[in-house]
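*Asks:* So here's work_6.cif (mmCIF, C-alpha atoms).
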data_coords
loop_
_atom_site.group_PDB
_atom_site.id
_atom_site.type_symbol
_atom_site.label_atom_id
_atom_site.label_comp_id
_atom_site.auth_asym_id
_atom_site.auth_seq_id
_atom_site.Cartn_x
_atom_site.Cartn_y
_atom_site.Cartn_z
ATOM 1 C CA ASP M 1 -14.982 21.374 25.483
ATOM 2 C CA LYS M 2 -16.812 22.272 22.258
ATOM 3 C CA LYS M 3 -13.811 23.999 20.613
ATOM 4 C CA ALA M 4 -11.538 21.022 21.278
ATOM 5 C CA GLU M 5 -14.164 18.636 19.902
ATOM 6 C CA GLU M 6 -14.492 20.682 16.696
ATOM 7 C CA LYS M 7 -10.712 20.748 16.334
ATOM 8 C CA LYS M 8 -10.596 16.968 16.782
ATOM 9 C CA LYS M 9 -13.305 16.418 14.131
ATOM 10 C CA ALA M 10 -11.475 18.686 11.677
ATOM 11 C CA ALA M 11 -8.248 16.713 12.217
ATOM 12 C CA GLU M 12 -10.069 13.396 11.694
ATOM 13 C CA LYS M 13 -11.585 14.718 8.462
ATOM 14 C CA LYS M 14 -8.093 15.531 7.194
ATOM 15 C CA VAL M 15 -6.822 12.069 8.098
ATOM 16 C CA LEU M 16 -9.790 10.370 6.377
ATOM 17 C CA ASP M 17 -9.355 12.522 3.234
ATOM 18 C CA GLU M 18 -12.688 11.306 1.854
ATOM 19 C CA ASN M 19 -12.191 12.911 -1.584
ATOM 20 C CA ASP M 20 -8.559 11.764 -1.950
ATOM 21 C CA GLU M 21 -7.323 15.348 -2.287
ATOM 22 C CA ALA M 22 -4.113 14.573 -0.378
ATOM 23 C CA PHE M 23 -3.557 11.046 -1.724
ATOM 24 C CA CYS M 24 0.057 9.925 -2.204
ATOM 25 C CA GLY M 25 0.874 6.315 -2.991
ATOM 26 C CA PHE M 26 3.618 4.023 -4.242
ATOM 27 C CA CYS M 27 3.886 0.581 -5.781
ATOM 28 C CA SER M 28 6.813 -1.820 -5.939
ATOM 29 C CA ILE M 29 6.909 -4.962 -8.090
ATOM 30 C CA GLN M 30 9.601 -7.603 -7.794
ATOM 31 C CA ILE M 31 10.644 -11.100 -8.797
ATOM 32 C CA LEU M 32 10.962 -13.686 -6.008
ATOM 33 C CA ASP M 33 12.369 -17.194 -6.156
ATOM 34 C CA GLN M 34 10.531 -20.262 -4.851
ATOM 35 C CA ASP M 35 11.794 -19.502 -1.324
ATOM 36 C CA GLY M 36 10.366 -15.981 -1.412
ATOM 37 C CA ILE M 37 13.802 -14.392 -1.718
ATOM 38 C CA ALA M 38 14.045 -11.263 -3.859
ATOM 39 C CA GLY M 39 16.423 -11.245 -6.816
ATOM 40 C CA ARG M 40 19.428 -8.911 -6.786
ATOM 41 C CA THR M 41 20.177 -8.998 -10.499
ATOM 42 C CA LEU M 42 19.286 -6.461 -13.182
ATOM 43 C CA GLY M 43 15.577 -6.383 -13.979
ATOM 44 C CA SER M 44 14.373 -7.860 -10.673
ATOM 45 C CA SER M 45 12.439 -4.958 -9.155
ATOM 46 C CA VAL M 46 10.832 -1.582 -9.871
ATOM 47 C CA LYS M 47 9.061 1.094 -7.848
ATOM 48 C CA ALA M 48 6.895 4.023 -8.947
ATOM 49 C CA PRO M 49 4.375 6.537 -7.589
ATOM 50 C CA VAL M 50 0.718 5.530 -7.782
ATOM 51 C CA GLN M 51 -1.981 7.776 -9.268
ATOM 52 C CA ILE M 52 -5.750 7.488 -8.831
ATOM 53 C CA VAL M 53 -6.976 7.617 -12.434
ATOM 54 C CA SER M 54 -10.708 6.967 -11.885
ATOM 55 C CA GLU M 55 -13.215 9.801 -11.690
ATOM 56 C CA PRO M 56 -13.924 11.328 -8.234
ATOM 57 C CA GLY M 57 -16.700 9.365 -6.539
ATOM 58 C CA ALA M 58 -16.567 6.501 -9.082
ATOM 59 C CA PRO M 59 -17.791 3.122 -7.699
ATOM 60 C CA THR M 60 -14.373 1.623 -8.479
ATOM 61 C CA VAL M 61 -11.159 3.382 -7.474
ATOM 62 C CA VAL M 62 -8.423 2.647 -10.025
ATOM 63 C CA PHE M 63 -4.807 2.934 -8.876
ATOM 64 C CA GLU M 64 -2.198 3.080 -11.635
ATOM 65 C CA ALA M 65 1.603 2.879 -11.591
ATOM 66 C CA LEU M 66 3.747 3.280 -14.726
ATOM 67 C CA PHE M 67 7.240 1.897 -15.324
ATOM 68 C CA LEU M 68 9.557 2.940 -18.142
ATOM 69 C CA ALA M 69 10.314 -0.244 -20.074
ATOM 70 C CA ALA M 70 13.067 1.541 -22.042
ATOM 71 C CA ASN M 71 15.072 2.181 -18.859
ATOM 72 C CA PRO M 72 18.262 0.098 -19.273
ATOM 73 C CA LEU M 73 18.913 -0.309 -15.528
ATOM 74 C CA PHE M 74 15.704 0.017 -13.535
ATOM 75 C CA TYR M 75 13.047 -2.278 -15.001
ATOM 76 C CA LEU M 76 11.280 -5.552 -14.229
ATOM 77 C CA GLU M 77 11.714 -8.475 -16.592
ATOM 78 C CA LEU M 78 8.981 -11.094 -16.528
ATOM 79 C CA ARG M 79 11.101 -14.231 -16.823
ATOM 80 C CA ASN M 80 9.577 -17.219 -18.577
ATOM 81 C CA GLU M 81 11.360 -19.648 -16.280
ATOM 82 C CA GLU M 82 10.397 -22.131 -13.583
ATOM 83 C CA HIS M 83 10.549 -21.324 -9.854
ATOM 84 C CA PHE M 84 10.049 -17.558 -10.193
ATOM 85 C CA PHE M 85 7.109 -15.554 -8.844
ATOM 86 C CA LEU M 86 5.842 -12.022 -9.352
ATOM 87 C CA PHE M 87 5.100 -10.135 -6.133
ATOM 88 C CA GLY M 88 4.219 -6.534 -5.344
ATOM 89 C CA GLN M 89 3.179 -4.062 -2.651
ATOM 90 C CA TRP M 90 1.115 -0.873 -2.601
ATOM 91 C CA TRP M 91 1.332 1.663 0.186
ATOM 92 C CA VAL M 92 0.223 5.205 0.978
ATOM 93 C CA ASP M 93 1.918 8.369 2.306
ATOM 94 C CA GLY M 94 5.730 8.474 2.001
ATOM 95 C CA PRO M 95 8.063 6.690 -0.429
ATOM 96 C CA LYS M 96 9.128 4.026 2.105
ATOM 97 C CA TYR M 97 7.006 0.952 2.809
ATOM 98 C CA SER M 98 6.045 -0.001 6.354
ATOM 99 C CA GLU M 99 3.309 -2.143 7.908
ATOM 100 C CA SER M 100 1.579 0.987 9.183
ATOM 101 C CA ASN M 101 1.123 2.469 5.684
ATOM 102 C CA ALA M 102 0.533 -0.777 3.714
ATOM 103 C CA LEU M 103 -2.453 -0.801 1.355
ATOM 104 C CA CYS M 104 -2.295 -4.115 -0.545
ATOM 105 C CA SER M 105 0.087 -6.866 -1.571
ATOM 106 C CA LEU M 106 0.042 -8.818 -4.819
ATOM 107 C CA VAL M 107 -0.817 -12.476 -4.321
ATOM 108 C CA PRO M 108 2.363 -14.155 -5.686
ATOM 109 C CA ILE M 109 1.833 -15.518 -9.186
ATOM 110 C CA LYS M 110 4.206 -17.775 -11.133
ATOM 111 C CA THR M 111 5.911 -15.862 -13.932
ATOM 112 C CA GLN M 112 5.307 -18.806 -16.277
ATOM 113 C CA ASP M 113 1.571 -18.519 -15.567
ATOM 114 C CA CYS M 114 1.815 -14.831 -16.480
ATOM 115 C CA HIS M 115 3.372 -15.789 -19.815
ATOM 116 C CA LYS M 116 0.603 -18.344 -20.444
ATOM 117 C CA GLN M 117 -1.948 -15.538 -20.046
ATOM 118 C CA LEU M 118 0.072 -13.317 -22.389
ATOM 119 C CA GLU M 119 -0.301 -15.938 -25.137
ATOM 120 C CA SER M 120 -4.056 -15.292 -25.295
ATOM 121 C CA THR M 121 -4.200 -11.625 -24.194
ATOM 122 C CA ALA M 122 -1.272 -9.848 -25.796
ATOM 123 C CA ASN M 123 0.688 -7.517 -23.510
ATOM 124 C CA GLU M 124 -1.658 -7.870 -20.523
ATOM 125 C CA PHE M 125 -2.347 -10.417 -17.801
ATOM 126 C CA LYS M 126 -4.435 -10.558 -14.627
ATOM 127 C CA ALA M 127 -3.508 -11.041 -10.978
ATOM 128 C CA GLU M 128 -5.028 -10.314 -7.555
ATOM 129 C CA ALA M 129 -4.103 -8.191 -4.565
ATOM 130 C CA HIS M 130 -4.876 -8.728 -0.893
ATOM 131 C CA CYS M 131 -5.808 -5.850 1.433
ATOM 132 C CA GLU M 132 -5.379 -7.219 4.964
ATOM 133 C CA ALA M 133 -7.128 -4.235 6.585
ATOM 134 C CA LEU M 134 -10.516 -5.271 5.152
ATOM 135 C CA ARG M 135 -13.009 -7.441 7.011
ATOM 136 C CA ASN M 136 -13.163 -10.915 5.410
ATOM 137 C CA SER M 137 -10.159 -9.801 3.359
ATOM 138 C CA THR M 138 -9.296 -13.241 1.974
ATOM 139 C CA SER M 139 -12.671 -13.448 0.205
ATOM 140 C CA ARG M 140 -12.404 -9.861 -1.121
ATOM 141 C CA LEU M 141 -9.291 -9.957 -3.291
ATOM 142 C CA ILE M 142 -8.725 -6.935 -5.532
ATOM 143 C CA PRO M 143 -8.382 -7.414 -9.328
ATOM 144 C CA VAL M 144 -5.083 -6.285 -10.836
ATOM 145 C CA SER M 145 -4.160 -5.807 -14.517
ATOM 146 C CA ILE M 146 -0.503 -5.824 -15.510
ATOM 147 C CA SER M 147 0.688 -4.567 -18.899
ATOM 148 C CA THR M 148 3.948 -5.529 -20.578
ATOM 149 C CA GLN M 149 6.188 -4.441 -23.449
ATOM 150 C CA GLU M 150 8.741 -6.398 -25.445
ATOM 151 C CA LYS M 151 12.142 -4.671 -25.353
ATOM 152 C CA LYS M 152 15.246 -6.344 -26.807
ATOM 153 C CA PHE M 153 13.710 -9.828 -26.487
ATOM 154 C CA LYS M 154 12.724 -9.194 -22.874
ATOM 155 C CA THR M 155 9.164 -8.995 -21.545
ATOM 156 C CA LYS M 156 9.079 -5.959 -19.261
ATOM 157 C CA VAL M 157 6.314 -4.742 -16.939
ATOM 158 C CA CYS M 158 5.242 -1.225 -17.947
ATOM 159 C CA LYS M 159 1.944 -0.631 -16.091
ATOM 160 C CA VAL M 160 0.105 -1.985 -13.056
ATOM 161 C CA SER M 161 -3.563 -1.112 -12.472
ATOM 162 C CA MET M 162 -5.523 -2.108 -9.378
ATOM 163 C CA ALA M 163 -9.333 -1.695 -9.372
ATOM 164 C CA MET M 164 -10.600 -1.411 -5.797
ATOM 165 C CA PRO M 165 -14.327 -1.120 -4.985
ATOM 166 C CA ARG M 166 -14.976 2.257 -3.349
ATOM 167 C CA GLU M 167 -16.530 0.664 -0.264
ATOM 168 C CA ALA M 168 -13.313 -1.330 0.253
ATOM 169 C CA TRP M 169 -11.184 1.812 -0.222
ATOM 170 C CA MET M 170 -13.275 3.721 2.331
ATOM 171 C CA GLU M 171 -13.089 0.782 4.735
ATOM 172 C CA PHE M 172 -9.292 0.823 4.413
ATOM 173 C CA LYS M 173 -9.235 4.563 5.121
ATOM 174 C CA GLN M 174 -11.471 4.088 8.160
ATOM 175 C CA SER M 175 -8.988 1.522 9.495
ATOM 176 C CA ARG M 176 -6.191 4.095 9.130
ATOM 177 C CA LEU M 177 -8.322 6.615 11.000
ATOM 178 C CA ARG M 178 -8.674 4.106 13.863
ATOM 179 C CA PHE M 179 -4.879 3.711 13.980
ATOM 180 C CA TRP M 180 -4.547 7.479 14.135
ATOM 181 C CA ARG M 181 -7.096 7.696 16.966
ATOM 182 C CA ALA M 182 -5.340 4.899 18.844
ATOM 183 C CA GLY M 183 -2.037 6.779 18.526
ATOM 184 C CA LYS M 184 -3.676 9.899 19.940
ATOM 185 C CA ASN M 185 -5.106 7.875 22.830
ATOM 186 C CA TRP M 186 -1.676 6.433 23.623
ATOM 187 C CA GLN M 187 -0.164 9.910 23.584
ATOM 188 C CA GLY M 188 -2.908 11.105 25.933
ATOM 189 C CA ALA M 189 -2.322 8.178 28.306
ATOM 190 C CA ASP M 190 1.418 8.947 28.417
ATOM 191 C CA LYS M 191 0.651 12.614 29.135
ATOM 192 C CA ASP M 192 -1.730 11.669 31.973
ATOM 193 C CA ASP M 193 0.954 9.408 33.482
ATOM 194 C CA ASP M 194 3.509 12.248 33.372
ATOM 195 C CA GLU M 195 1.032 14.646 35.033
ATOM 196 C CA ASP M 196 0.306 12.083 37.786
ATOM 197 C CA LYS M 197 4.028 11.680 38.394
ATOM 198 C CA ASP M 198 4.493 15.452 38.625
ATOM 199 C CA LYS M 199 1.602 15.786 41.090
ATOM 200 C CA LYS M 200 3.006 12.966 43.221
ATOM 201 C CA LYS M 201 6.448 14.582 43.174
ATOM 202 C CA ASP M 202 4.997 17.969 44.190
ATOM 203 C CA GLY M 203 3.098 16.340 47.036
ATOM 204 C CA GLU M 204 6.211 14.632 48.342
ATOM 205 C CA GLU M 205 8.186 17.900 48.222
ATOM 206 C CA LYS M 206 5.471 19.718 50.196
ATOM 207 C CA LYS M 207 5.579 17.022 52.909
ATOM 208 C CA GLU M 208 9.312 17.581 53.321
#
Show me this structure written as structure tokens.
*Replies:*
Amino acid sequence: DKKAEEKKKAAEKKVLDENDEAFCGFCSIQILDQDGIAGRTLGSSVKAPVQIVSEPGAPTVVFEALFLAANPLFYLELRNEEHFFLFGQWWVDGPKYSESNALCSLVPIKTQDCHKQLESTANEFKAEAHCEALRNSTSRLIPVSISTQEKKFKTKVCKVSMAMPREAWMEFKQSRLRFWRAGKNWQGADKDDDEDKDKKKDGEEKKE
């Protein structure tokens, strides 16, 4: 009916969150070896909340995560050594990553290549992120800027900024809306099955 349809549209509007009023995001950055295995030593990984720092409605949506380089335990050191890669993930909603809330992943980049960039652009280097939810995603990589600080002879990551075109951000949010709708459809199908079972059971009891 009309009331149910209006209620459904209002719920979909909340899920889409077109103006990012309810946005919550996180970013994790880590060092991997040449086999893709994460390091377990000090300075191998960091995680932080993500803020949207661009103006509302701007053509590019800028996501920013900050890391405290002065933290003696929880920091990421950009090693200038062979066989190490920098990798990262962005996700939305809660503080735990899952495939259902994934936004982007950093295309792995050799840490030595990061240091080569730092030689010409002090304290900042470039990378790219991949958003799998986008159509033709492999040809629409997202530019990422990573800032560093020198602390006690260690190069530490202190800021990660990802600049996503608004149309790509809205396309990602539309894909999440489809997941939400699909979940609702599955719930409805399960409910219909339960009702059919109940009707069948009632019919059998009446026959007896």
*Asks:* May I ask which of the residues M:Phe125, M:Tyr97, M:Trp180, M:Phe74 is the closest one to Ser161 (chain M), counting only C-alpha atoms?
*Replies:* M:Phe125
*Asks:* Taking all atoms listed in the file into account, name the residue in M:Pro56, M:Pro72, M:Gly183, M:Pro49 that is nearest to Val160 (chain M).
*Replies:*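 Among the listed residues, M:Pro49 lies closest to Val160 (chain M).
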*Asks:* Which region 93-143 of chain M residues have any atom within 12 Å of an atom of region 147-158 of chain M, and for each, what is the nearest pair of atoms with distance in Å to one decimal, counting all atoms listed in the file, rows sorted by chain and number, as JSON lines?
*Replies:*
{"residue": "M:Thr111", "atom": "CA", "partner": "M:Thr155", "partner_atom": "CA", "distance": 10.8}
{"residue": "M:Gln112", "atom": "CA", "partner": "M:Thr155", "partner_atom": "CA", "distance": 11.8}
{"residue": "M:Cys114", "atom": "CA", "partner": "M:Thr148", "partner_atom": "CA", "distance": 10.4}
{"residue": "M:His115", "atom": "CA", "partner": "M:Thr155", "partner_atom": "CA", "distance": 9.1}
{"residue": "M:Gln117", "atom": "CA", "partner": "M:Ser147", "partner_atom": "CA", "distance": 11.3}
{"residue": "M:Leu118", "atom": "CA", "partner": "M:Thr148", "partner_atom": "CA", "distance": 8.9}
{"residue": "M:Thr121", "atom": "CA", "partner": "M:Ser147", "partner_atom": "CA", "distance": 10.1}
{"residue": "M:Ala122", "atom": "CA", "partner": "M:Thr148", "partner_atom": "CA", "distance": 8.6}
{"residue": "M:Asn123", "atom": "CA", "partner": "M:Thr148", "partner_atom": "CA", "distance": 4.8}
{"residue": "M:Glu124", "atom": "CA", "partner": "M:Ser147", "partner_atom": "CA", "distance": 4.4}
{"residue": "M:Phe125", "atom": "CA", "partner": "M:Ser147", "partner_atom": "CA", "distance": 6.7}
{"residue": "M:Lys126", "atom": "CA", "partner": "M:Ser147", "partner_atom": "CA", "distance": 9.0}
{"residue": "M:Ala127", "atom": "CA", "partner": "M:Ser147", "partner_atom": "CA", "distance": 11.1}
*Asks:* Have a look at CA of Trp90 (chain M) and CA of Ala102 (chain M) and let me know their distance in Å, one decimal.
*Replies:*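 For CA of Trp90 (chain M) relative to CA of Ala102 (chain M), the distance reads 6.3 Å.
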*Asks:* If we count all atoms listed in the file, what is near Gln89 (chain M) at a cut-off of 9 Å, once residues fewer than 3 positions away on the same chain are taken out, given as a PyMOL selection string?
*Replies:* chain M and resi 26-30+97+102-106+129
*Asks:* Report the residues retrieved by the PyMOL selection byres ((chain M and resi 43) around 9) from the displayed file, expressed as a ChimeraX atom specification.
*Replies:* /M:30-31,39-42,44-46,72-78,156
*Asks:* If I take CA of Phe179 (chain M) and CA of Ser100 (chain M), how far is one from the other in Å, to one decimal?
*Replies:*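 Going from CA of Phe179 (chain M) over to CA of Ser100 (chain M) covers 8.5 Å.
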